[in-house]
Amino acid sequence: MKKQRIVLIFTVVSLLLMLGSILYQTLQEEDPYRFYTGLGQEFDIGPDDSRVAFSYFLDGHEAIYVSNLDGTDVTRLSEKIEGRSHSPKYSSDGEELLFLTEDDQRIQTITVMNHDGSNAKRLALDSLHVTDAVFAPDKESIYFVAMPASEVGKSEGETKEGFDLYQVHRQSDQVDQLTDRDHFSMNDLSISADGKTLYYSLYKTTEQLVAYSLEKKTESSVAQIKDDMYSSVLSKDGTLLAYTAVTEQSKNTSLFHYELFVKNIESNKTNQLTDLQANVQSPVFLHEKDEIAFLHYENWPGEPEEYQLMSVSLKGNGKPELINLDLPASSGSYFIPKTIGFMLSEQAIAVYYILFFAGLILIAQRKSGKVYLPSLVSLALAVLTFVGSFIIGFFTNPWYGIGLGMVAITMFVCSLLLILFSFILKRFTRRS
């Protein structure tokens with residue numbers, strides 16, 4: 001009787017933990033960077049190649065730092081800026097930096113400061129949510145990509161607004177909208193050396209880089225790439241296009257690898273520069289060397305994303321080299337909050353699911369001897385959830401269907417483990 005009570009309590013507690021974690025995951029959006037210490041996902045190199053600006057998380061707070069290109073003399077600049085600061089860009093003379101700052105509502109705006117961190121000023125941008133920005137070569141204007149802040153957080157289909165190009169005049173703070181096309185996505189904004197052309201990537205059946213003429217107000221394709229390309233950027237002379245793309249070798253595997261490529265626009269020749277078998281992001285051309293720097297997403301596709309700053313020769317005749325940044329270390333372990341976070345995580349839900357049905361199997365074994373019944377019920381629920389994912393995806397949001405499909409796969413794997421547990425339990429009870 002005492003053993004039955006223990007098994008019953010074990011089963012009920014597992015159910016309560018599972019339901020509580022599901023409720024928490026539904027109502028509370030978990031932030032994987034809450035206690036994180038490590039590099040952010042954007043950086044820039046000064047025009048004389050002497051300094052690199054980057055964002056860095058220290059115990060969950062993301063700020064702008066600069067260092068020498070060899071990783072020494074690391075200095076935090078955005079000390080007094082509230083919110084997470086990221087995506088730094090140097091001005092053409094290296095005297096100023098701009099970066100994006102995200103508030104607690106996830107609305108991003110532009111902050112400008114001197115290269116040493118002084119005279120920081122947040123720009124008033126008429127309730128816009130900014131996702132990328134660059135200085136004009138003369139620094140009199142800043143061009144940026146944005147959408148109405150009121151549209152942030154809305155799911156696909158709920159919003160009719162998209163991303164467009166804007167210009168803010170620094171003397172008057174006047175904001176001009178340059179395009180009105182409501183693009184689904186606009187990424188990798190950059191500007192030509194003469195300041196007459198803006199470059200950004202758009203999704204048009206595949207992700208491609210386009211040029212926007214500030215004089216003609218027109219878009220045109222820069223270079224045709226057969227497959228999707230990401231993190232695309234042109235060299236200052238416009239002859240080289242750097243981008244990341246899925247390698248042919250990984251297309252038939254369960255995990256795609258994104259490597260760095262460089263295409264010569266004139267000769268149409270493309271070289272693969274890295275073979276790290278992970279994910280390469282944010283390439284930046286050096287100005288005075290035939291090299292390109294980038295971020296290596298070493299724990300791809302895990303979260304929080306862990307990056308290493310690296311560089312490689314543009315000639316394709318060398319291996320990538322690590323740039324060791326002398327970064328500050330975390331000041332705390334956060335053992336208790338991290339433990340609580342894990343106990344409420346998606347991985348923990350799968351554990352609670354298995355423990356709950358394992359308890360049901362033990363109860364069934366004592367009551368009726370039908371040890372396979374709970375595991376078969378779990379398998380049936382997995383199948384129904386998988387079928388439901390197609391229905392949900394078809395009639396509502398496809399991403400909801402994909403998410404539910406992933407849940408169904410997890411339930412299926414758990415069911416197989418439960419069937420194995422039932423088999424072992426039945427064999428064990430027979431021998432005893």
# chains A, B, ... in the order shown; residues from 1 in each chain; ligands from 1
>>> select_by_dssp(residues="segment 6-141 of chain A", states="strand (DSSP E or B)", output="number ranges by chain")
A: 38-45, 51-58, 61-68, 75-76, 84-90, 96-102, 108-114, 121-122, 128-135, 141
>>> write_last_selection(atoms="C-alpha atoms", output="mmCIF file, in the first residue's frame")
data_model
loop_
_atom_site.group_PDB
_atom_site.id
_atom_site.type_symbol
_atom_site.label_atom_id
_atom_site.label_comp_id
_atom_site.auth_asym_id
_atom_site.auth_seq_id
_atom_site.Cartn_x
_atom_site.Cartn_y
_atom_site.Cartn_z
ATOM 1 C CA GLY A 38 29.409 36.379 -24.527
ATOM 2 C CA LEU A 39 29.622 38.177 -27.875
ATOM 3 C CA GLY A 40 26.584 39.622 -29.633
ATOM 4 C CA GLN A 41 25.849 38.944 -33.284
ATOM 5 C CA GLU A 42 27.078 42.151 -34.988
ATOM 6 C CA PHE A 43 30.396 44.030 -35.137
ATOM 7 C CA ASP A 44 32.229 46.578 -37.274
ATOM 8 C CA ILE A 45 35.843 47.507 -38.017
ATOM 9 C CA ARG A 51 39.761 49.179 -33.831
ATOM 10 C CA VAL A 52 36.812 46.809 -33.769
ATOM 11 C CA ALA A 53 33.428 47.679 -32.250
ATOM 12 C CA PHE A 54 31.111 44.920 -31.064
ATOM 13 C CA SER A 55 28.321 44.168 -28.638
ATOM 14 C CA TYR A 56 28.981 41.971 -25.619
ATOM 15 C CA PHE A 57 26.649 40.420 -23.061
ATOM 16 C CA LEU A 58 27.908 40.609 -19.480
ATOM 17 C CA HIS A 61 23.316 43.097 -20.161
ATOM 18 C CA GLU A 62 24.350 43.808 -23.771
ATOM 19 C CA ALA A 63 26.520 46.886 -24.349
ATOM 20 C CA ILE A 64 28.894 48.301 -26.955
ATOM 21 C CA TYR A 65 32.620 47.626 -26.543
ATOM 22 C CA VAL A 66 35.677 48.482 -28.636
ATOM 23 C CA SER A 67 39.137 46.963 -28.747
ATOM 24 C CA ASN A 68 42.256 46.828 -30.858
ATOM 25 C CA THR A 75 36.782 49.216 -23.443
ATOM 26 C CA ARG A 76 33.073 49.456 -22.695
ATOM 27 C CA ARG A 84 20.396 46.262 -24.828
ATOM 28 C CA SER A 85 22.831 47.937 -27.230
ATOM 29 C CA HIS A 86 24.039 46.155 -30.350
ATOM 30 C CA SER A 87 24.832 46.400 -34.092
ATOM 31 C CA PRO A 88 27.561 49.102 -34.000
ATOM 32 C CA LYS A 89 28.643 50.894 -37.194
ATOM 33 C CA TYR A 90 31.569 53.265 -37.649
ATOM 34 C CA GLU A 96 31.683 58.333 -34.529
ATOM 35 C CA LEU A 97 29.722 55.177 -33.843
ATOM 36 C CA LEU A 98 26.049 54.446 -34.192
ATOM 37 C CA PHE A 99 24.290 51.448 -32.714
ATOM 38 C CA LEU A 100 20.800 50.156 -31.981
ATOM 39 C CA THR A 101 19.281 50.163 -28.513
ATOM 40 C CA GLU A 102 16.374 47.883 -27.594
ATOM 41 C CA GLN A 108 14.813 49.540 -31.293
ATOM 42 C CA THR A 109 16.107 53.017 -32.002
ATOM 43 C CA ILE A 110 19.417 54.603 -33.012
ATOM 44 C CA THR A 111 22.019 56.027 -30.647
ATOM 45 C CA VAL A 112 25.041 57.993 -31.895
ATOM 46 C CA MET A 113 28.217 58.662 -29.905
ATOM 47 C CA ASN A 114 31.826 59.675 -30.423
ATOM 48 C CA LYS A 121 22.562 60.914 -28.215
ATOM 49 C CA ARG A 122 19.488 58.803 -28.901
ATOM 50 C CA LEU A 128 9.681 53.606 -35.667
ATOM 51 C CA HIS A 129 11.274 50.250 -34.926
ATOM 52 C CA VAL A 130 14.769 50.269 -36.452
ATOM 53 C CA THR A 131 16.537 47.052 -37.480
ATOM 54 C CA ASP A 132 19.629 48.354 -39.301
ATOM 55 C CA ALA A 133 21.387 51.687 -39.868
ATOM 56 C CA VAL A 134 24.464 53.249 -41.537
ATOM 57 C CA PHE A 135 26.101 56.665 -41.681
ATOM 58 C CA SER A 141 22.484 61.852 -42.619
#
>>> residues_around(residues="Thr274 of chain A", least_positions_apart="2", cutoff="9 Å", atoms="only C-alpha atoms", output="JSON, numbers by chain")
{"A": [259, 260, 261, 272, 276, 277, 280, 312, 316, 319, 320]}
>>> write_last_selection(atoms="C-alpha atoms", output="PDB file, in the first residue's frame")
ATOM      1  CA  GLU A 259      30.015  28.870 -44.600  1.00  0.00           C
ATOM      2  CA  LEU A 260      31.587  32.069 -45.906  1.00  0.00           C
ATOM      3  CA  PHE A 261      31.872  32.673 -49.653  1.00  0.00           C
ATOM      4  CA  GLN A 272      34.541  29.231 -50.300  1.00  0.00           C
ATOM      5  CA  LEU A 276      34.010  25.283 -39.994  1.00  0.00           C
ATOM      6  CA  GLN A 277      30.937  23.041 -40.379  1.00  0.00           C
ATOM      7  CA  VAL A 280      29.260  31.800 -40.141  1.00  0.00           C
ATOM      8  CA  VAL A 312      40.476  34.775 -42.998  1.00  0.00           C
ATOM      9  CA  GLY A 316      41.295  31.535 -50.003  1.00  0.00           C
ATOM     10  CA  LYS A 319      42.690  28.822 -42.537  1.00  0.00           C
ATOM     11  CA  PRO A 320      40.504  31.125 -40.417  1.00  0.00           C
TER      12      PRO A 320
END
>>> closest_residue(among="A:Leu214, A:Leu379, A:Leu314, A:Leu202", to="Leu241 of chain A", atoms="only C-alpha atoms")
A:Leu314
>>> atom_distance(atom1="atom CA of Glu321 of chain A", atom2="atom CA of Gly71 of chain A")
12.4 Å
>>> select_by_dssp(residues="segment 315-397 of chain A", states="helix (DSSP H, G or I)", output="ChimeraX atom specification")
/A:335-343,346-367,373-395
>>> residues_around(residues="Tyr372 of chain A", least_positions_apart="2", cutoff="7 Å", atoms="only C-alpha atoms", output="number ranges by chain")
A: 370, 374-376, 419, 422
>>> closest_residue(among="A:Thr72, A:Ser172, A:Ser92, A:Ser221", to="Leu125 of chain A", atoms="only C-alpha atoms")
A:Ser172
>>> decode(residues="segment 114-164 of chain A", atoms="N, CA and C atoms", output="mmCIF file, in the first residue's frame")
data_model
loop_
_atom_site.group_PDB
_atom_site.id
_atom_site.type_symbol
_atom_site.label_atom_id
_atom_site.label_comp_id
_atom_site.auth_asym_id
_atom_site.auth_seq_id
_atom_site.Cartn_x
_atom_site.Cartn_y
_atom_site.Cartn_z
ATOM 1 N N ASN A 114 30.446 59.572 -29.945
ATOM 2 C CA ASN A 114 31.826 59.675 -30.423
ATOM 3 C C ASN A 114 32.530 58.332 -30.259
ATOM 4 N N HIS A 115 33.628 58.140 -30.956
ATOM 5 C CA HIS A 115 34.314 56.850 -30.957
ATOM 6 C C HIS A 115 34.833 56.459 -29.582
ATOM 7 N N ASP A 116 34.975 57.447 -28.675
ATOM 8 C CA ASP A 116 35.437 57.145 -27.322
ATOM 9 C C ASP A 116 34.290 56.993 -26.327
ATOM 10 N N GLY A 117 33.039 57.024 -26.815
ATOM 11 C CA GLY A 117 31.882 56.847 -25.952
ATOM 12 C C GLY A 117 31.265 58.125 -25.435
ATOM 13 N N SER A 118 31.851 59.263 -25.731
ATOM 14 C CA SER A 118 31.329 60.534 -25.240
ATOM 15 C C SER A 118 30.209 61.065 -26.131
ATOM 16 N N ASN A 119 29.440 62.007 -25.586
ATOM 17 C CA ASN A 119 28.397 62.719 -26.329
ATOM 18 C C ASN A 119 27.375 61.774 -26.962
ATOM 19 N N ALA A 120 26.907 60.811 -26.195
ATOM 20 C CA ALA A 120 25.903 59.866 -26.707
ATOM 21 C C ALA A 120 24.549 60.556 -26.842
ATOM 22 N N LYS A 121 23.870 60.310 -27.959
ATOM 23 C CA LYS A 121 22.562 60.914 -28.215
ATOM 24 C C LYS A 121 21.651 59.894 -28.891
ATOM 25 N N ARG A 122 20.485 59.684 -28.297
ATOM 26 C CA ARG A 122 19.488 58.803 -28.901
ATOM 27 C C ARG A 122 18.600 59.616 -29.828
ATOM 28 N N LEU A 123 18.421 59.132 -31.071
ATOM 29 C CA LEU A 123 17.657 59.874 -32.063
ATOM 30 C C LEU A 123 16.160 59.642 -31.899
ATOM 31 N N ALA A 124 15.380 60.705 -32.074
ATOM 32 C CA ALA A 124 13.915 60.606 -32.060
ATOM 33 C C ALA A 124 13.445 60.252 -33.464
ATOM 34 N N LEU A 125 12.818 59.094 -33.612
ATOM 35 C CA LEU A 125 12.504 58.581 -34.955
ATOM 36 C C LEU A 125 11.019 58.315 -35.160
ATOM 37 N N ASP A 126 10.156 59.114 -34.546
ATOM 38 C CA ASP A 126 8.722 59.096 -34.830
ATOM 39 C C ASP A 126 8.107 57.705 -34.687
ATOM 40 N N SER A 127 8.336 57.055 -33.573
ATOM 41 C CA SER A 127 7.706 55.762 -33.257
ATOM 42 C C SER A 127 8.005 54.690 -34.290
ATOM 43 N N LEU A 128 9.252 54.640 -34.733
ATOM 44 C CA LEU A 128 9.681 53.606 -35.667
ATOM 45 C C LEU A 128 10.524 52.570 -34.938
ATOM 46 N N HIS A 129 10.450 51.353 -35.435
ATOM 47 C CA HIS A 129 11.274 50.250 -34.926
ATOM 48 C C HIS A 129 12.385 50.011 -35.931
ATOM 49 N N VAL A 130 13.624 50.315 -35.549
ATOM 50 C CA VAL A 130 14.769 50.269 -36.452
ATOM 51 C C VAL A 130 15.467 48.916 -36.341
ATOM 52 N N THR A 131 15.839 48.340 -37.484
ATOM 53 C CA THR A 131 16.537 47.052 -37.480
ATOM 54 C C THR A 131 17.938 47.118 -38.062
ATOM 55 N N ASP A 132 18.280 48.214 -38.747
ATOM 56 C CA ASP A 132 19.629 48.354 -39.301
ATOM 57 C C ASP A 132 19.849 49.821 -39.644
ATOM 58 N N ALA A 133 21.100 50.276 -39.595
ATOM 59 C CA ALA A 133 21.387 51.687 -39.868
ATOM 60 C C ALA A 133 22.841 51.861 -40.277
ATOM 61 N N VAL A 134 23.103 52.907 -41.113
ATOM 62 C CA VAL A 134 24.464 53.249 -41.537
ATOM 63 C C VAL A 134 24.587 54.765 -41.655
ATOM 64 N N PHE A 135 25.797 55.262 -41.431
ATOM 65 C CA PHE A 135 26.101 56.665 -41.681
ATOM 66 C C PHE A 135 26.200 56.919 -43.183
ATOM 67 N N ALA A 136 25.788 58.120 -43.621
ATOM 68 C CA ALA A 136 26.188 58.605 -44.936
ATOM 69 C C ALA A 136 27.669 58.962 -44.861
ATOM 70 N N PRO A 137 28.405 58.880 -45.975
ATOM 71 C CA PRO A 137 29.841 59.194 -45.928
ATOM 72 C C PRO A 137 30.141 60.574 -45.365
ATOM 73 N N ASP A 138 29.264 61.573 -45.621
ATOM 74 C CA ASP A 138 29.494 62.921 -45.090
ATOM 75 C C ASP A 138 28.985 63.081 -43.666
ATOM 76 N N LYS A 139 28.347 62.070 -43.109
ATOM 77 C CA LYS A 139 27.827 62.017 -41.736
ATOM 78 C C LYS A 139 26.671 62.995 -41.483
ATOM 79 N N GLU A 140 26.199 63.667 -42.528
ATOM 80 C CA GLU A 140 25.095 64.602 -42.340
ATOM 81 C C GLU A 140 23.759 63.879 -42.205
ATOM 82 N N SER A 141 23.704 62.660 -42.691
ATOM 83 C CA SER A 141 22.484 61.852 -42.619
ATOM 84 C C SER A 141 22.815 60.463 -42.116
ATOM 85 N N ILE A 142 21.777 59.789 -41.637
ATOM 86 C CA ILE A 142 21.850 58.373 -41.298
ATOM 87 C C ILE A 142 20.711 57.684 -42.029
ATOM 88 N N TYR A 143 21.024 56.630 -42.753
ATOM 89 C CA TYR A 143 20.012 55.827 -43.438
ATOM 90 C C TYR A 143 19.710 54.605 -42.580
ATOM 91 N N PHE A 144 18.439 54.229 -42.555
ATOM 92 C CA PHE A 144 18.092 53.087 -41.715
ATOM 93 C C PHE A 144 16.883 52.342 -42.260
ATOM 94 N N VAL A 145 16.759 51.098 -41.829
ATOM 95 C CA VAL A 145 15.624 50.236 -42.149
ATOM 96 C C VAL A 145 14.714 50.188 -40.941
ATOM 97 N N ALA A 146 13.402 50.361 -41.165
ATOM 98 C CA ALA A 146 12.484 50.388 -40.026
ATOM 99 C C ALA A 146 11.074 50.016 -40.460
ATOM 100 N N MET A 147 10.263 49.759 -39.465
ATOM 101 C CA MET A 147 8.829 49.564 -39.633
ATOM 102 C C MET A 147 8.142 50.278 -38.467
ATOM 103 N N PRO A 148 6.824 50.534 -38.562
ATOM 104 C CA PRO A 148 6.137 51.180 -37.444
ATOM 105 C C PRO A 148 6.273 50.375 -36.160
ATOM 106 N N ALA A 149 6.606 51.056 -35.068
ATOM 107 C CA ALA A 149 6.797 50.367 -33.790
ATOM 108 C C ALA A 149 5.523 49.666 -33.339
ATOM 109 N N SER A 150 4.367 50.160 -33.763
ATOM 110 C CA SER A 150 3.094 49.560 -33.366
ATOM 111 C C SER A 150 2.901 48.160 -33.946
ATOM 112 N N GLU A 151 3.706 47.808 -34.957
ATOM 113 C CA GLU A 151 3.569 46.506 -35.608
ATOM 114 C C GLU A 151 4.463 45.440 -34.986
ATOM 115 N N VAL A 152 5.357 45.840 -34.095
ATOM 116 C CA VAL A 152 6.292 44.888 -33.480
ATOM 117 C C VAL A 152 5.520 43.901 -32.602
ATOM 118 N N GLY A 153 5.826 42.633 -32.738
ATOM 119 C CA GLY A 153 5.181 41.597 -31.937
ATOM 120 C C GLY A 153 3.981 40.961 -32.596
ATOM 121 N N LYS A 154 3.492 41.552 -33.677
ATOM 122 C CA LYS A 154 2.360 40.957 -34.381
ATOM 123 C C LYS A 154 2.845 39.792 -35.231
ATOM 124 N N SER A 155 2.036 38.749 -35.297
ATOM 125 C CA SER A 155 2.410 37.572 -36.082
ATOM 126 C C SER A 155 2.123 37.807 -37.550
ATOM 127 N N GLU A 156 2.684 36.940 -38.390
ATOM 128 C CA GLU A 156 2.481 37.035 -39.827
ATOM 129 C C GLU A 156 0.987 36.950 -40.147
ATOM 130 N N GLY A 157 0.496 37.879 -40.946
ATOM 131 C CA GLY A 157 -0.916 37.917 -41.286
ATOM 132 C C GLY A 157 -1.695 38.941 -40.480
ATOM 133 N N GLU A 158 -1.177 39.302 -39.296
ATOM 134 C CA GLU A 158 -1.847 40.298 -38.466
ATOM 135 C C GLU A 158 -1.458 41.714 -38.845
ATOM 136 N N THR A 159 -0.299 41.873 -39.459
ATOM 137 C CA THR A 159 0.173 43.199 -39.809
ATOM 138 C C THR A 159 0.183 43.412 -41.318
ATOM 139 N N LYS A 160 -0.149 44.634 -41.707
ATOM 140 C CA LYS A 160 -0.118 45.001 -43.124
ATOM 141 C C LYS A 160 1.103 45.869 -43.437
ATOM 142 N N GLU A 161 1.851 46.212 -42.401
ATOM 143 C CA GLU A 161 3.026 47.047 -42.566
ATOM 144 C C GLU A 161 4.273 46.180 -42.661
ATOM 145 N N GLY A 162 5.259 46.693 -43.393
ATOM 146 C CA GLY A 162 6.522 45.983 -43.518
ATOM 147 C C GLY A 162 7.685 46.930 -43.357
ATOM 148 N N PHE A 163 8.855 46.517 -43.841
ATOM 149 C CA PHE A 163 10.075 47.299 -43.679
ATOM 150 C C PHE A 163 10.311 48.203 -44.882
ATOM 151 N N ASP A 164 10.823 49.391 -44.596
ATOM 152 C CA ASP A 164 11.168 50.354 -45.633
ATOM 153 C C ASP A 164 12.433 51.097 -45.259
#
